[in-house]
>>> print(open('run32.cif').read())   # mmCIF, C-alpha atoms
data_protein
#
loop_
_atom_site.label_atom_id
_atom_site.label_comp_id
_atom_site.auth_asym_id
_atom_site.auth_seq_id
_atom_site.Cartn_x
_atom_site.Cartn_y
_atom_site.Cartn_z
CA MET Q 1 -68.16 -49.29 9.48
CA LYS Q 2 -68.79 -46.79 12.26
CA SER Q 3 -70.55 -43.51 11.55
CA THR Q 4 -68.68 -40.26 12.06
CA LEU Q 5 -70.64 -39.56 15.25
CA ALA Q 6 -69.74 -43.01 16.59
CA LYS Q 7 -66.07 -42.39 15.82
CA ILE Q 8 -66.19 -39.04 17.59
CA GLU Q 9 -67.82 -40.70 20.58
CA ASN Q 10 -65.00 -43.24 20.64
CA ILE Q 11 -62.45 -40.42 20.46
CA LYS Q 12 -64.25 -38.67 23.32
CA LYS Q 13 -63.71 -41.79 25.45
CA ASN Q 14 -60.28 -42.93 24.30
CA GLY Q 15 -58.64 -39.91 22.67
CA TYR Q 16 -56.38 -40.19 19.63
CA THR Q 17 -52.83 -39.61 18.51
CA ILE Q 18 -51.38 -38.67 15.13
CA ASP Q 19 -47.86 -38.10 13.86
CA PHE Q 20 -47.16 -34.44 13.15
CA SER Q 21 -44.46 -35.08 10.53
CA THR Q 22 -46.71 -37.51 8.65
CA VAL Q 23 -49.54 -34.96 8.63
CA PHE Q 24 -47.21 -32.22 7.40
CA ASP Q 25 -45.75 -34.42 4.64
CA HIS Q 26 -49.26 -35.43 3.52
CA ALA Q 27 -50.35 -31.79 3.51
CA PHE Q 28 -47.33 -30.71 1.49
CA GLU Q 29 -47.83 -33.43 -1.12
CA ASN Q 30 -51.50 -32.50 -1.42
CA PHE Q 31 -50.60 -28.82 -1.63
CA LYS Q 32 -48.23 -29.46 -4.56
CA LYS Q 33 -51.06 -31.12 -6.48
CA ILE Q 34 -53.62 -28.33 -6.08
CA THR Q 35 -51.61 -25.17 -5.45
CA LEU Q 36 -51.52 -23.59 -8.92
CA TYR Q 37 -55.08 -24.48 -9.88
CA SER Q 38 -56.52 -23.42 -6.52
CA ALA Q 39 -54.51 -20.19 -6.38
CA LEU Q 40 -55.68 -19.31 -9.88
CA ILE Q 41 -59.31 -19.86 -8.87
CA LEU Q 42 -58.80 -17.68 -5.79
CA LEU Q 43 -57.18 -14.98 -7.90
CA VAL Q 44 -60.04 -14.96 -10.42
CA PHE Q 45 -62.63 -14.97 -7.64
CA SER Q 46 -60.86 -12.12 -5.84
CA PHE Q 47 -60.78 -10.09 -9.05
CA ILE Q 48 -64.50 -10.67 -9.67
CA ALA Q 49 -65.29 -9.78 -6.03
CA ALA Q 50 -63.24 -6.58 -6.32
CA VAL Q 51 -65.05 -5.56 -9.52
CA VAL Q 52 -68.44 -6.21 -7.89
CA ALA Q 53 -67.42 -4.24 -4.77
CA VAL Q 54 -66.20 -1.27 -6.83
CA THR Q 55 -69.38 -1.33 -8.91
CA VAL Q 56 -71.61 -1.36 -5.82
CA LEU Q 57 -69.65 1.38 -4.06
CA GLY Q 58 -69.51 3.42 -7.27
CA ASN Q 59 -73.27 3.30 -7.67
CA ILE Q 60 -73.79 4.29 -4.04
CA TYR Q 61 -71.14 6.96 -3.51
CA GLY Q 62 -70.05 7.77 -7.07
CA PHE Q 63 -67.06 6.19 -8.78
CA GLU Q 64 -64.90 9.24 -8.17
CA HIS Q 65 -65.27 8.69 -4.41
CA VAL Q 66 -64.62 4.93 -4.32
CA THR Q 67 -60.93 5.25 -3.43
CA LYS Q 68 -61.68 7.63 -0.58
CA VAL Q 69 -64.46 5.41 0.77
CA VAL Q 70 -62.16 2.36 0.76
CA GLN Q 71 -59.36 4.29 2.48
CA GLU Q 72 -61.73 5.56 5.15
CA SER Q 73 -63.10 2.07 5.78
CA LEU Q 74 -59.57 0.74 6.38
CA LYS Q 75 -58.82 3.29 9.08
CA PRO Q 76 -59.12 1.90 12.63
CA THR Q 77 -62.18 3.46 14.25
CA LYS Q 78 -64.20 2.61 17.34
CA LEU Q 79 -67.53 1.14 16.29
CA THR Q 80 -70.82 2.43 17.65
CA LEU Q 81 -73.39 -0.13 18.82
CA ASP Q 82 -75.42 0.25 15.62
CA GLU Q 83 -72.29 -0.13 13.46
CA ALA Q 84 -71.26 -3.22 15.44
CA LEU Q 85 -74.67 -4.82 14.91
CA ILE Q 86 -74.62 -4.06 11.18
CA SER Q 87 -71.05 -5.34 10.90
CA THR Q 88 -71.85 -8.57 12.78
CA PHE Q 89 -74.95 -9.26 10.67
CA GLY Q 90 -73.33 -8.34 7.34
CA VAL Q 91 -70.08 -10.23 7.84
CA SER Q 92 -71.87 -13.29 9.23
CA LEU Q 93 -74.34 -13.43 6.34
CA LEU Q 94 -71.66 -12.94 3.67
CA SER Q 95 -69.40 -15.56 5.26
CA ALA Q 96 -72.29 -18.05 5.39
CA ILE Q 97 -73.14 -17.49 1.72
CA LEU Q 98 -69.51 -18.00 0.70
CA ALA Q 99 -68.94 -20.99 3.01
CA PRO Q 100 -69.80 -23.65 0.37
CA PHE Q 101 -67.36 -21.99 -2.05
CA SER Q 102 -64.58 -22.10 0.56
CA ALA Q 103 -65.47 -25.73 1.29
CA GLY Q 104 -64.92 -26.44 -2.40
CA PHE Q 105 -61.18 -26.31 -1.74
CA PHE Q 106 -61.59 -29.34 0.51
CA LYS Q 107 -63.31 -31.10 -2.38
CA MET Q 108 -60.38 -30.23 -4.61
CA ALA Q 109 -57.90 -31.44 -1.99
CA ASP Q 110 -59.77 -34.74 -1.64
CA VAL Q 111 -60.02 -35.36 -5.39
CA ALA Q 112 -56.32 -34.57 -5.85
CA ASP Q 113 -55.41 -36.83 -2.93
CA LYS Q 114 -57.15 -39.70 -4.70
CA ASN Q 115 -55.27 -38.82 -7.92
CA ASN Q 116 -58.47 -38.02 -9.78
CA GLU Q 117 -58.98 -35.17 -12.22
CA PHE Q 118 -60.38 -32.00 -10.67
CA LYS Q 119 -62.38 -29.24 -12.31
CA ALA Q 120 -63.34 -25.67 -11.52
CA SER Q 121 -66.95 -26.82 -11.07
CA PHE Q 122 -65.90 -28.66 -7.91
CA MET Q 123 -65.72 -25.26 -6.18
CA PHE Q 124 -69.52 -25.15 -6.30
CA SER Q 125 -70.15 -28.78 -5.31
CA TYR Q 126 -71.35 -27.88 -1.84
CA TYR Q 127 -73.99 -25.41 -2.95
CA LYS Q 128 -76.15 -28.52 -3.33
CA SER Q 129 -78.24 -30.38 -0.77
CA PRO Q 130 -77.54 -31.52 1.90
CA TYR Q 131 -74.27 -29.62 2.29
CA PHE Q 132 -75.37 -26.04 1.62
CA ALA Q 133 -77.80 -25.75 4.53
CA GLN Q 134 -75.34 -27.24 7.02
CA LEU Q 135 -72.38 -25.17 5.86
CA PHE Q 136 -74.51 -22.03 5.80
CA ALA Q 137 -75.92 -22.67 9.29
CA SER Q 138 -72.61 -23.62 10.92
CA THR Q 139 -70.76 -20.66 9.43
CA LEU Q 140 -73.55 -18.25 10.33
CA ILE Q 141 -73.54 -19.46 13.96
CA ILE Q 142 -69.75 -19.45 14.33
CA THR Q 143 -69.18 -16.11 12.59
CA ALA Q 144 -72.07 -14.38 14.36
CA ILE Q 145 -70.80 -15.46 17.80
CA ASN Q 146 -67.22 -14.64 16.82
CA ASN Q 147 -68.01 -11.15 15.54
CA ALA Q 148 -70.50 -10.35 18.30
CA ILE Q 149 -67.90 -11.08 20.98
CA ALA Q 150 -65.06 -9.36 19.11
CA ASN Q 151 -67.13 -6.23 18.37
CA THR Q 152 -68.44 -6.05 21.93
CA LEU Q 153 -64.92 -6.22 23.34
CA GLU Q 154 -63.74 -3.66 20.78
CA ILE Q 155 -66.48 -1.23 21.83
CA ALA Q 156 -65.43 -1.77 25.45
CA GLY Q 157 -61.84 -0.93 24.49
CA PHE Q 158 -60.43 -4.47 24.75
CA VAL Q 159 -59.34 -4.85 21.13
CA PHE Q 160 -56.53 -7.35 21.69
CA ILE Q 161 -58.69 -9.52 23.93
CA GLY Q 162 -61.28 -9.53 21.14
CA VAL Q 163 -58.64 -10.69 18.66
CA ALA Q 164 -57.51 -13.43 21.06
CA VAL Q 165 -61.07 -14.66 21.57
CA SER Q 166 -61.64 -14.67 17.80
CA ILE Q 167 -58.50 -16.77 17.26
CA ALA Q 168 -59.61 -19.16 20.03
CA ILE Q 169 -63.03 -19.65 18.44
CA ASN Q 170 -61.46 -20.35 15.03
CA PHE Q 171 -59.10 -22.82 16.74
CA PHE Q 172 -61.93 -24.84 18.29
CA MET Q 173 -63.88 -24.76 15.01
CA TYR Q 174 -60.91 -26.10 13.02
CA PHE Q 175 -62.68 -29.30 11.95
CA ALA Q 176 -66.25 -28.00 11.53
CA VAL Q 177 -66.18 -27.77 7.73
CA PRO Q 178 -64.50 -31.15 7.00
CA LEU Q 179 -66.87 -32.83 9.46
CA ILE Q 180 -69.78 -31.56 7.36
CA VAL Q 181 -68.40 -32.26 3.88
CA PHE Q 182 -66.61 -35.54 4.65
CA GLY Q 183 -68.35 -36.72 7.80
CA ASN Q 184 -71.87 -35.77 6.64
CA LEU Q 185 -72.68 -34.20 10.01
CA LYS Q 186 -75.34 -31.61 10.75
CA ALA Q 187 -74.18 -28.09 11.64
CA ILE Q 188 -74.52 -28.40 15.43
CA ASP Q 189 -72.99 -31.90 15.47
CA ALA Q 190 -70.04 -30.63 13.40
CA ILE Q 191 -69.47 -27.74 15.82
CA LYS Q 192 -69.59 -30.05 18.86
CA GLY Q 193 -67.47 -32.65 17.04
CA SER Q 194 -64.81 -30.08 16.18
CA ILE Q 195 -64.56 -29.04 19.83
CA THR Q 196 -64.13 -32.70 20.82
CA LEU Q 197 -61.38 -33.33 18.26
CA VAL Q 198 -59.47 -30.21 19.29
CA THR Q 199 -59.76 -30.71 23.05
CA LYS Q 200 -58.67 -34.34 22.87
CA ASN Q 201 -55.27 -33.37 21.43
CA PRO Q 202 -55.01 -29.59 21.89
CA LEU Q 203 -51.23 -29.17 21.76
CA LEU Q 204 -50.78 -30.99 18.46
CA ILE Q 205 -53.79 -29.32 16.82
CA PHE Q 206 -52.63 -25.96 18.17
CA GLY Q 207 -49.24 -26.54 16.52
CA VAL Q 208 -50.95 -27.24 13.19
CA PHE Q 209 -53.22 -24.23 13.68
CA ILE Q 210 -50.33 -21.88 14.47
CA ILE Q 211 -48.45 -22.97 11.35
CA GLY Q 212 -51.52 -21.96 9.37
CA ILE Q 213 -51.74 -18.55 11.06
CA VAL Q 214 -48.03 -17.82 10.61
CA GLY Q 215 -48.22 -18.89 6.97
CA SER Q 216 -51.19 -16.59 6.39
CA ILE Q 217 -49.41 -13.63 7.98
CA VAL Q 218 -46.34 -14.25 5.86
CA GLY Q 219 -48.56 -14.52 2.79
CA VAL Q 220 -50.21 -11.17 3.50
CA PHE Q 221 -46.86 -9.45 3.88
CA ALA Q 222 -45.69 -11.05 0.62
CA CYS Q 223 -47.52 -8.36 -1.31
CA GLY Q 224 -50.87 -10.09 -0.73
CA ILE Q 225 -50.42 -12.56 -3.60
CA GLY Q 226 -48.66 -14.97 -1.25
CA PHE Q 227 -51.88 -15.24 0.76
CA LEU Q 228 -53.45 -17.17 -2.13
CA PHE Q 229 -50.88 -19.93 -1.72
CA THR Q 230 -50.93 -19.95 2.09
CA TYR Q 231 -54.73 -20.23 2.03
CA VAL Q 232 -54.44 -23.29 -0.20
CA PHE Q 233 -51.76 -24.80 2.04
CA ASN Q 234 -53.95 -24.23 5.11
CA THR Q 235 -56.71 -26.18 3.37
CA SER Q 236 -54.33 -29.06 2.61
CA LEU Q 237 -53.05 -28.98 6.21
CA ASN Q 238 -56.59 -29.05 7.60
CA TYR Q 239 -57.52 -31.87 5.21
CA ALA Q 240 -54.45 -33.94 6.09
CA THR Q 241 -55.02 -33.49 9.83
CA TYR Q 242 -58.67 -34.51 9.56
CA TYR Q 243 -57.86 -37.65 7.61
CA ALA Q 244 -54.98 -38.59 9.87
CA ILE Q 245 -57.45 -38.66 12.78
CA PHE Q 246 -60.13 -40.65 11.00
CA ASP Q 247 -57.71 -43.01 9.24
CA MET Q 248 -56.53 -43.92 12.72
CA GLU Q 249 -60.13 -44.52 13.73
CA GLN Q 250 -60.71 -46.66 10.62
CA GLU Q 251 -57.65 -48.78 11.42
CA GLN Q 252 -58.91 -49.24 14.97
CA ASP Q 253 -62.29 -50.35 13.59
CA SER Q 254 -60.54 -52.98 11.46
CA ILE Q 255 -58.52 -54.25 14.42
CA ASP Q 256 -61.64 -54.46 16.59
CA SER Q 257 -63.50 -56.31 13.83
CA ILE Q 258 -60.67 -58.85 13.47
CA GLY Q 259 -60.64 -59.34 17.23
CA GLN Q 260 -64.37 -59.97 17.29
CA SER Q 261 -64.08 -62.42 14.36
CA ASP Q 262 -61.35 -64.36 16.16
CA GLN Q 263 -63.52 -64.67 19.25
CA ILE Q 264 -66.35 -66.04 17.13
#
>>> encode(input="run32.cif", output="structure tokens")
Amino acid sequence: MKSTLAKIENIKKNGYTIDFSTVFDHAFENFKKITLYSALILLVFSFIAAVVAVTVLGNIYGFEHVTKVVQESLKPTKLTLDEALISTFGVSLLSAILAPFSAGFFKMADVADKNNEFKASFMFSYYKSPYFAQLFASTLIITAINNAIANTLEIAGFVFIGVAVSIAINFFMYFAVPLIVFGNLKAIDAIKGSITLVTKNPLLIFGVFIIGIVGSIVGVFACGIGFLFTYVFNTSLNYATYYAIFDMEQEQDSIDSIGQSDQI
């Protein structure tokens, strides 16, 4: 059986094709299996995060000023250079720390896809070696570059260009996490591998990616609670797309092996 890097190298040379409707059907079936459990975990986590945030802000500014501080932070303001640096560092570090937790939804999707029982503890599966270091590093690199570019463009007055660049970076990094947790790749290899997978079939992957963005926007407008379900669906869609690509590679491996056996 070929390693993930060998499969990516083969894709780099020969490309790949997958059926969009099959991917979508697979994603929807997976989503139905994990939606309620995953959304509940997200809801509980969001509640805990909100309590922690209010507690921290309350201790710093006083609990009577928490509402005002939150409202002020939500107002669109032009960042200074110092604020941009602090924002880039803070967001990147927090995202990297939470990356293994987010990757836990892929674990849940995989377990459900194999019709096995899943537990809440699976959400913390990737805080263990060797996954934590790679997820932390890849997320730190991607988020730092993303935020640095976006904040720089925002300071320069090109807010919408910054948003577009941020979306583009997320698009090319679409497969970074599954390549680490399922393909056992190092951070840099996962980043390069994700770029290869996206660029070898950009239109189809872009279609999948756009569905995820539109679903997330709809979820946010659905009083916020809908975002919990769209986030879970995006995970299932990402999972199904990844496995459609590598199932195709596995089938090709089998065909090649049969061909070689016949020649022998």
>>> resolve_selection(input="run32.cif", expression="the PyMOL selection byres ((chain Q and resi 148) around 10)", output="number ranges by chain")
Q: 84-85, 87-89, 92, 142-147, 149-154, 162, 166
>>> atom_distance(input="run32.cif", atom1="CA of Val111 in chain Q", atom2="CA of Ile205 in chain Q")
23.8 Å
>>> closest_residue(input="run32.cif", among="Q:Ile213, Q:Leu197, Q:Tyr242, Q:Ile188", to="Tyr16 in chain Q", atoms="only C-alpha atoms")
Q:Leu197
>>> atom_distance(input="run32.cif", atom1="CA of Tyr127 in chain Q", atom2="CA of Phe101 in chain Q")
7.5 Å
>>> closest_residue(input="run32.cif", among="Q:Tyr239, Q:Lys7, Q:Asp19, Q:Val214", to="Asn201 in chain Q", atoms="all atoms listed in the file")
Q:Asp19
>>> decode(input="run32.cif", residues="range 7-23 of chain Q", atoms="N, CA, C and O atoms", output="tab-separated table (two decimals), in the first residue's frame")
chain	number	residue	atom	x	y	z
Q	7	LYS	N	0.96	8.76	-2.69
Q	7	LYS	CA	-0.31	8.97	-3.39
Q	7	LYS	C	-0.43	10.41	-3.88
Q	7	LYS	O	-0.92	10.67	-4.98
Q	8	ILE	N	0.03	11.35	-3.06
Q	8	ILE	CA	-0.02	12.76	-3.46
Q	8	ILE	C	0.92	12.99	-4.65
Q	8	ILE	O	0.59	13.75	-5.57
Q	9	GLU	N	2.06	12.33	-4.62
Q	9	GLU	CA	3.01	12.46	-5.74
Q	9	GLU	C	2.38	11.91	-7.02
Q	9	GLU	O	2.57	12.49	-8.11
Q	10	ASN	N	1.64	10.83	-6.91
Q	10	ASN	CA	0.95	10.26	-8.06
Q	10	ASN	C	-0.13	11.21	-8.58
Q	10	ASN	O	-0.31	11.38	-9.79
Q	11	ILE	N	-0.84	11.83	-7.64
Q	11	ILE	CA	-1.86	12.82	-8.02
Q	11	ILE	C	-1.22	14.02	-8.70
Q	11	ILE	O	-1.77	14.58	-9.66
Q	12	LYS	N	-0.06	14.41	-8.21
Q	12	LYS	CA	0.66	15.55	-8.80
Q	12	LYS	C	0.99	15.27	-10.27
Q	12	LYS	O	0.96	16.17	-11.12
Q	13	LYS	N	1.27	14.00	-10.58
Q	13	LYS	CA	1.63	13.63	-11.95
Q	13	LYS	C	0.41	13.36	-12.82
Q	13	LYS	O	0.37	13.76	-13.98
Q	14	ASN	N	-0.59	12.68	-12.24
Q	14	ASN	CA	-1.71	12.20	-13.05
Q	14	ASN	C	-3.05	12.87	-12.76
Q	14	ASN	O	-4.02	12.65	-13.49
Q	15	GLY	N	-3.11	13.67	-11.69
Q	15	GLY	CA	-4.38	14.31	-11.34
Q	15	GLY	C	-5.36	13.31	-10.74
Q	15	GLY	O	-5.01	12.17	-10.44
Q	16	TYR	N	-6.59	13.73	-10.58
Q	16	TYR	CA	-7.64	12.85	-10.06
Q	16	TYR	C	-9.00	13.40	-10.44
Q	16	TYR	O	-9.13	14.57	-10.84
Q	17	THR	N	-10.00	12.56	-10.35
Q	17	THR	CA	-11.37	13.01	-10.58
Q	17	THR	C	-12.28	12.33	-9.58
Q	17	THR	O	-12.06	11.17	-9.20
Q	18	ILE	N	-13.27	13.05	-9.10
Q	18	ILE	CA	-14.26	12.49	-8.18
Q	18	ILE	C	-15.64	12.96	-8.60
Q	18	ILE	O	-15.78	13.98	-9.30
Q	19	ASP	N	-16.65	12.22	-8.21
Q	19	ASP	CA	-18.03	12.56	-8.57
Q	19	ASP	C	-18.64	13.45	-7.49
Q	19	ASP	O	-18.73	13.04	-6.33
Q	20	PHE	N	-19.06	14.64	-7.88
Q	20	PHE	CA	-19.57	15.61	-6.92
Q	20	PHE	C	-20.82	15.09	-6.20
Q	20	PHE	O	-20.94	15.23	-4.98
Q	21	SER	N	-21.74	14.49	-6.93
Q	21	SER	CA	-22.99	14.01	-6.32
Q	21	SER	C	-22.71	12.89	-5.31
Q	21	SER	O	-23.36	12.81	-4.26
Q	22	THR	N	-21.74	12.03	-5.63
Q	22	THR	CA	-21.39	10.95	-4.70
Q	22	THR	C	-20.79	11.52	-3.42
Q	22	THR	O	-21.11	11.06	-2.31
Q	23	VAL	N	-19.92	12.52	-3.57
Q	23	VAL	CA	-19.32	13.18	-2.41
Q	23	VAL	C	-20.40	13.82	-1.54
Q	23	VAL	O	-20.40	13.68	-0.31
